[in-house]
Amino acid sequence: MSRVLVTGGASGLGAALVARFVADSHQVLSTDIAAESPAPGGAQYRQLDVRSADDWAAAVAWCEENWGGLDILVNNAGIATGGRIDVESLDEWARVVDINLMGVVRGCRAFTPQLKKQRSGYIVNTASAAGLVHPPMMSSYNTVKAGVVALSETLSHELHPYGVAVSVVCPSFFRTNLADSIQGDDTEMGATARKLIEKSPRTADDIAAGVLAGIKKGQFLIIPDRPALLAWRTKRFARPLYDRQMRKIAARARDRAEAAEVQPTGDRVPAAEVQPTGDR
């Protein structure tokens, strides 16, 4: 039985992971930004804002005092964002970097001393297929998720001598409430992302099942669904085809944006169309 902490555990993939770990008889601490939140029977809950170094320090102290340490840290908390480079604001860039990338960095930094001392442990970082393949109109999201992949690979080597393993999770779009976190100036891109999330045939529990299977196998790169795997393999082994697909998407977005600019009245034409490379 492992001691597990999951960030972003109140909803979406985080909640599905918490439920799966509980079902496997692990001790689980679900954390999220809210002061209180329901958790599956057997799990405990604690408020943790991944932007707060103090909250992370308190979480480390809680695990030490109540469990004597931690076995699995799941850095899952995050938001959805995206937009065209000349439309999305720098404030939104700062927001997604602080949460989706630096939130993971803070978690890894906070618990690494404890895991090194134990000479054991497992860090699981939720990235996205967008960390492996990079569709247009998603600059900020692609960038932070690629950063999580890079951080995870670095730590998989750095912490190996201490007996600490690392995995990174890269799913495509699946049904969740993630779209509710979309903000920013590129509202048309946000609407497109919401549609892709809400119409996906995959559920958070489907992805969680794939994640736990990957953890049990000790996989570094966990790609829990077929669309994400196909997109990644296309980029690796058929790069000209991948580039053509991405440029067609960008060209269609250009055409729609230009058409929207000349419409005198009525609804605007969606300006963005992206590949299914979603998130938690």
# chains A, B, ... in the order shown; residues from 1 in each chain; ligands from 1
$ residues_around --residues "Val18 of chain A" --least-positions-apart "6" --cutoff "8 Å" --atoms "only C-alpha atoms" --output "number ranges by chain"
A: 6, 9, 28, 30, 39-40, 43
$ write_last_selection --atoms "all heavy atoms" --output "compact mmCIF listing (two decimals), in the first residue's frame"
# COMPACT_ATOMS: atom_id res chain seq x y z
N VAL A 6 -2.21 13.65 -4.63
CA VAL A 6 -2.65 14.06 -5.97
C VAL A 6 -3.06 15.52 -5.93
O VAL A 6 -3.93 15.90 -5.14
CB VAL A 6 -3.84 13.20 -6.46
CG1 VAL A 6 -4.28 13.65 -7.86
CG2 VAL A 6 -3.50 11.72 -6.45
N GLY A 9 -7.07 17.30 -7.33
CA GLY A 9 -7.82 16.08 -7.08
C GLY A 9 -9.31 16.24 -6.93
O GLY A 9 -10.02 15.25 -6.73
N VAL A 28 -4.47 7.89 0.31
CA VAL A 28 -4.51 8.97 -0.68
C VAL A 28 -4.84 10.30 -0.01
O VAL A 28 -5.81 10.39 0.76
CB VAL A 28 -5.54 8.69 -1.79
CG1 VAL A 28 -5.50 9.79 -2.85
CG2 VAL A 28 -5.27 7.33 -2.43
N SER A 30 -5.98 13.82 -1.37
CA SER A 30 -6.43 14.63 -2.51
C SER A 30 -6.27 16.09 -2.16
O SER A 30 -6.67 16.52 -1.07
CB SER A 30 -7.90 14.31 -2.80
OG SER A 30 -8.43 15.18 -3.79
N ALA A 39 -14.11 13.93 -1.19
CA ALA A 39 -13.13 12.97 -1.70
C ALA A 39 -13.71 11.57 -1.58
O ALA A 39 -14.55 11.32 -0.71
CB ALA A 39 -11.82 13.08 -0.92
N PRO A 40 -13.30 10.65 -2.45
CA PRO A 40 -13.81 9.28 -2.35
C PRO A 40 -13.55 8.70 -0.97
O PRO A 40 -12.58 9.07 -0.29
CB PRO A 40 -13.01 8.54 -3.43
CG PRO A 40 -12.56 9.59 -4.38
CD PRO A 40 -12.34 10.81 -3.54
N ALA A 43 -10.13 8.43 1.11
CA ALA A 43 -9.17 9.48 0.80
C ALA A 43 -9.33 10.65 1.76
O ALA A 43 -10.41 10.89 2.30
CB ALA A 43 -9.36 9.97 -0.63
$ residues_around --residues "Val144 of chain A" --least-positions-apart "4" --cutoff "7 Å" --atoms "only C-alpha atoms" --output "list in words"
Val97, Asn100, Leu101, Ser140 and Val148 of chain A
$ closest_residue --among "A:Ala57, A:Arg226, A:Gly12, A:Gly163" --to "Gly210 of chain A" --atoms "only C-alpha atoms"
A:Arg226
$ residues_around --residues "Val166 of chain A" --least-positions-apart "6" --cutoff "6 Å" --atoms "only C-alpha atoms" --output "list in words"
Tyr122, Ile123, Val124 and Ser156 of chain A
$ write_last_selection --atoms "C-alpha atoms" --output "mmCIF file, in the first residue's frame"
data_model
loop_
_atom_site.group_PDB
_atom_site.id
_atom_site.type_symbol
_atom_site.label_atom_id
_atom_site.label_comp_id
_atom_site.auth_asym_id
_atom_site.auth_seq_id
_atom_site.Cartn_x
_atom_site.Cartn_y
_atom_site.Cartn_z
ATOM 1 C CA TYR A 122 7.686 8.008 -7.598
ATOM 2 C CA ILE A 123 6.867 11.357 -9.227
ATOM 3 C CA VAL A 124 4.083 11.396 -11.829
ATOM 4 C CA SER A 156 14.062 10.700 -14.333
#
$ select_by_dssp --residues "segment 197-237 of chain A" --states "helix (DSSP H, G or I)" --output "list in words"
Ile197, Glu198, Ala204, Asp205, Asp206, Ile207, Ala208, Ala209, Gly210, Val211, Leu212, Ala213, Gly214, Ile215, Lys216, Lys217, Arg226, Pro227, Ala228, Leu229, Leu230, Ala231, Trp232, Arg233, Thr234, Lys235, Arg236 and Phe237 of chain A
$ atom_distance --atom1 "atom CA of Lys117 of chain A" --atom2 "atom CA of Ala58 of chain A"
18.0 Å
$ select_by_dssp --residues "segment 21-51 of chain A" --states "strand (DSSP E)" --output "JSON list (two decimals) with all heavy atoms, in the first residue's frame"
[["chain", "number", "residue", "atom", "x", "y", "z"],
["A", 27, "GLN", "N", -3.22, 4.68, 0.49],
["A", 27, "GLN", "CA", -3.53, 5.86, 1.28],
["A", 27, "GLN", "C", -3.42, 7.07, 0.36],
["A", 27, "GLN", "O", -2.39, 7.26, -0.29],
["A", 27, "GLN", "CB", -2.55, 6.01, 2.44],
["A", 27, "GLN", "CG", -2.66, 4.97, 3.52],
["A", 27, "GLN", "CD", -1.65, 5.21, 4.62],
["A", 27, "GLN", "OE1", -0.45, 5.01, 4.42],
["A", 27, "GLN", "NE2", -2.11, 5.63, 5.78],
["A", 28, "VAL", "N", -4.47, 7.89, 0.31],
["A", 28, "VAL", "CA", -4.51, 8.97, -0.68],
["A", 28, "VAL", "C", -4.84, 10.30, -0.01],
["A", 28, "VAL", "O", -5.81, 10.39, 0.76],
["A", 28, "VAL", "CB", -5.54, 8.69, -1.79],
["A", 28, "VAL", "CG1", -5.50, 9.79, -2.85],
["A", 28, "VAL", "CG2", -5.27, 7.33, -2.43],
["A", 29, "LEU", "N", -4.06, 11.32, -0.34],
["A", 29, "LEU", "CA", -4.36, 12.70, 0.03],
["A", 29, "LEU", "C", -4.71, 13.45, -1.24],
["A", 29, "LEU", "O", -3.85, 13.66, -2.11],
["A", 29, "LEU", "CB", -3.17, 13.35, 0.73],
["A", 29, "LEU", "CG", -3.37, 14.83, 1.12],
["A", 29, "LEU", "CD1", -4.50, 14.98, 2.12],
["A", 29, "LEU", "CD2", -2.08, 15.43, 1.66],
["A", 30, "SER", "N", -5.98, 13.82, -1.37],
["A", 30, "SER", "CA", -6.43, 14.63, -2.51],
["A", 30, "SER", "C", -6.27, 16.09, -2.16],
["A", 30, "SER", "O", -6.67, 16.52, -1.07],
["A", 30, "SER", "CB", -7.90, 14.31, -2.80],
["A", 30, "SER", "OG", -8.43, 15.18, -3.79],
["A", 31, "THR", "N", -5.69, 16.88, -3.05],
["A", 31, "THR", "CA", -5.50, 18.30, -2.79],
["A", 31, "THR", "C", -6.04, 19.11, -3.96],
["A", 31, "THR", "O", -6.07, 18.66, -5.10],
["A", 31, "THR", "CB", -4.01, 18.66, -2.59],
["A", 31, "THR", "OG1", -3.32, 18.58, -3.85],
["A", 31, "THR", "CG2", -3.35, 17.73, -1.59],
["A", 32, "ASP", "N", -6.48, 20.33, -3.64],
["A", 32, "ASP", "CA", -6.95, 21.24, -4.67],
["A", 32, "ASP", "C", -6.99, 22.63, -4.07],
["A", 32, "ASP", "O", -6.71, 22.82, -2.88],
["A", 32, "ASP", "CB", -8.32, 20.82, -5.21],
["A", 32, "ASP", "CG", -8.49, 21.14, -6.69],
["A", 32, "ASP", "OD1", -8.34, 22.32, -7.05],
["A", 32, "ASP", "OD2", -8.77, 20.21, -7.48],
["A", 43, "ALA", "N", -10.13, 8.43, 1.11],
["A", 43, "ALA", "CA", -9.17, 9.48, 0.80],
["A", 43, "ALA", "C", -9.33, 10.65, 1.76],
["A", 43, "ALA", "O", -10.41, 10.89, 2.30],
["A", 43, "ALA", "CB", -9.36, 9.97, -0.63],
["A", 44, "GLN", "N", -8.26, 11.37, 1.99],
["A", 44, "GLN", "CA", -8.31, 12.59, 2.78],
["A", 44, "GLN", "C", -8.15, 13.77, 1.84],
["A", 44, "GLN", "O", -7.67, 13.63, 0.71],
["A", 44, "GLN", "CB", -7.21, 12.58, 3.84],
["A", 44, "GLN", "CG", -7.33, 11.41, 4.80],
["A", 44, "GLN", "CD", -6.31, 11.49, 5.92],
["A", 44, "GLN", "OE1", -6.34, 12.36, 6.77],
["A", 44, "GLN", "NE2", -5.37, 10.54, 5.91],
["A", 45, "TYR", "N", -8.52, 14.95, 2.32],
["A", 45, "TYR", "CA", -8.45, 16.15, 1.49],
["A", 45, "TYR", "C", -7.71, 17.26, 2.22],
["A", 45, "TYR", "O", -7.86, 17.44, 3.43],
["A", 45, "TYR", "CB", -9.83, 16.65, 1.09],
["A", 45, "TYR", "CG", -9.78, 17.91, 0.23],
["A", 45, "TYR", "CD1", -9.54, 17.81, -1.14],
["A", 45, "TYR", "CD2", -9.90, 19.17, 0.80],
["A", 45, "TYR", "CE1", -9.45, 18.94, -1.93],
["A", 45, "TYR", "CE2", -9.82, 20.31, 0.01],
["A", 45, "TYR", "CZ", -9.59, 20.19, -1.34],
["A", 45, "TYR", "OH", -9.50, 21.33, -2.13],
["A", 46, "ARG", "N", -6.93, 18.02, 1.44],
["A", 46, "ARG", "CA", -6.21, 19.17, 2.00],
["A", 46, "ARG", "C", -6.13, 20.26, 0.93],
["A", 46, "ARG", "O", -5.89, 19.97, -0.25],
["A", 46, "ARG", "CB", -4.80, 18.76, 2.44],
["A", 46, "ARG", "CG", -4.00, 19.91, 3.05],
["A", 46, "ARG", "CD", -2.62, 19.47, 3.47],
["A", 46, "ARG", "NE", -1.90, 20.59, 4.05],
["A", 46, "ARG", "CZ", -1.97, 20.95, 5.33],
["A", 46, "ARG", "NH1", -2.71, 20.25, 6.16],
["A", 46, "ARG", "NH2", -1.29, 22.00, 5.77],
["A", 47, "GLN", "N", -6.33, 21.49, 1.34],
["A", 47, "GLN", "CA", -6.20, 22.61, 0.40],
["A", 47, "GLN", "C", -4.74, 22.80, 0.02],
["A", 47, "GLN", "O", -3.85, 22.79, 0.87],
["A", 47, "GLN", "CB", -6.73, 23.90, 1.04],
["A", 47, "GLN", "CG", -6.72, 25.10, 0.10],
["A", 47, "GLN", "CD", -7.32, 26.34, 0.75],
["A", 47, "GLN", "OE1", -7.31, 26.48, 1.97],
["A", 47, "GLN", "NE2", -7.85, 27.23, -0.07]]
$ closest_residue --among "A:Arg252, A:Arg202, A:Arg109, A:Arg244" --to "Pro224 of chain A" --atoms "only C-alpha atoms"
A:Arg202
$ closest_residue --among "A:Leu70, A:Tyr242, A:Tyr141, A:Ala209" --to "Gln114 of chain A" --atoms "only C-alpha atoms"
A:Leu70
$ atom_distance --atom1 "atom CA of Val211 of chain A" --atom2 "atom CA of Ile223 of chain A"
8.0 Å
$ residues_around --residues "Asp98 of chain A" --least-positions-apart "4" --cutoff "9 Å" --atoms "only C-alpha atoms" --output "list in words"
Val50, Arg51, Trp93, Ala94, Met102 and Gly103 of chain A
$ residues_around --residues "Ala19 of chain A" --least-positions-apart "2" --cutoff "9 Å" --atoms "only C-alpha atoms" --output "short mmCIF file (atom, residue, chain, number, x, y, z; two decimals) with N, CA, C and O atoms, in the first residue's frame"
data_model
loop_
_atom_site.label_atom_id
_atom_site.label_comp_id
_atom_site.auth_asym_id
_atom_site.auth_seq_id
_atom_site.Cartn_x
_atom_site.Cartn_y
_atom_site.Cartn_z
N GLY A 14 -7.82 14.43 -11.98
CA GLY A 14 -7.36 14.31 -10.60
C GLY A 14 -8.32 13.49 -9.76
O GLY A 14 -7.91 12.58 -9.01
N ALA A 15 -9.61 13.79 -9.85
CA ALA A 15 -10.61 13.05 -9.09
C ALA A 15 -10.65 11.58 -9.52
O ALA A 15 -10.80 10.67 -8.69
N ALA A 16 -10.52 11.34 -10.82
CA ALA A 16 -10.53 9.96 -11.32
C ALA A 16 -9.31 9.20 -10.82
O ALA A 16 -9.40 8.01 -10.46
N LEU A 17 -8.16 9.86 -10.76
CA LEU A 17 -6.96 9.21 -10.24
C LEU A 17 -7.10 8.90 -8.76
O LEU A 17 -6.71 7.82 -8.29
N PHE A 21 -6.77 5.19 -7.16
CA PHE A 21 -5.79 4.85 -6.12
C PHE A 21 -6.49 4.31 -4.88
O PHE A 21 -6.02 3.34 -4.25
N VAL A 22 -7.61 4.93 -4.50
CA VAL A 22 -8.37 4.45 -3.35
C VAL A 22 -8.87 3.02 -3.60
O VAL A 22 -8.79 2.16 -2.71
N ALA A 23 -9.37 2.77 -4.80
CA ALA A 23 -9.88 1.44 -5.14
C ALA A 23 -8.78 0.39 -5.07
O ALA A 23 -9.05 -0.79 -4.80
N ASP A 24 -7.54 0.82 -5.29
CA ASP A 24 -6.40 -0.10 -5.20
C ASP A 24 -5.83 -0.18 -3.79
O ASP A 24 -4.73 -0.71 -3.57
N ALA A 39 -14.11 13.93 -1.19
CA ALA A 39 -13.13 12.97 -1.70
C ALA A 39 -13.71 11.57 -1.58
O ALA A 39 -14.55 11.32 -0.71
N PRO A 40 -13.30 10.65 -2.45
CA PRO A 40 -13.81 9.28 -2.35
C PRO A 40 -13.55 8.70 -0.97
O PRO A 40 -12.58 9.07 -0.29
N GLY A 41 -14.42 7.80 -0.55
CA GLY A 41 -14.24 7.16 0.75
C GLY A 41 -12.86 6.56 0.90
O GLY A 41 -12.39 5.85 0.02
N ALA A 43 -10.13 8.43 1.11
CA ALA A 43 -9.17 9.48 0.80
C ALA A 43 -9.33 10.65 1.76
O ALA A 43 -10.41 10.89 2.30
N ASP A 205 -12.07 8.82 -16.34
CA ASP A 205 -11.77 7.51 -15.78
C ASP A 205 -11.05 6.62 -16.79
O ASP A 205 -10.18 5.82 -16.40
#
$ closest_residue --among "A:Gly8, A:Gly131, A:Gly218, A:Gly147" --to "Ser167 of chain A" --atoms "only C-alpha atoms"
A:Gly218
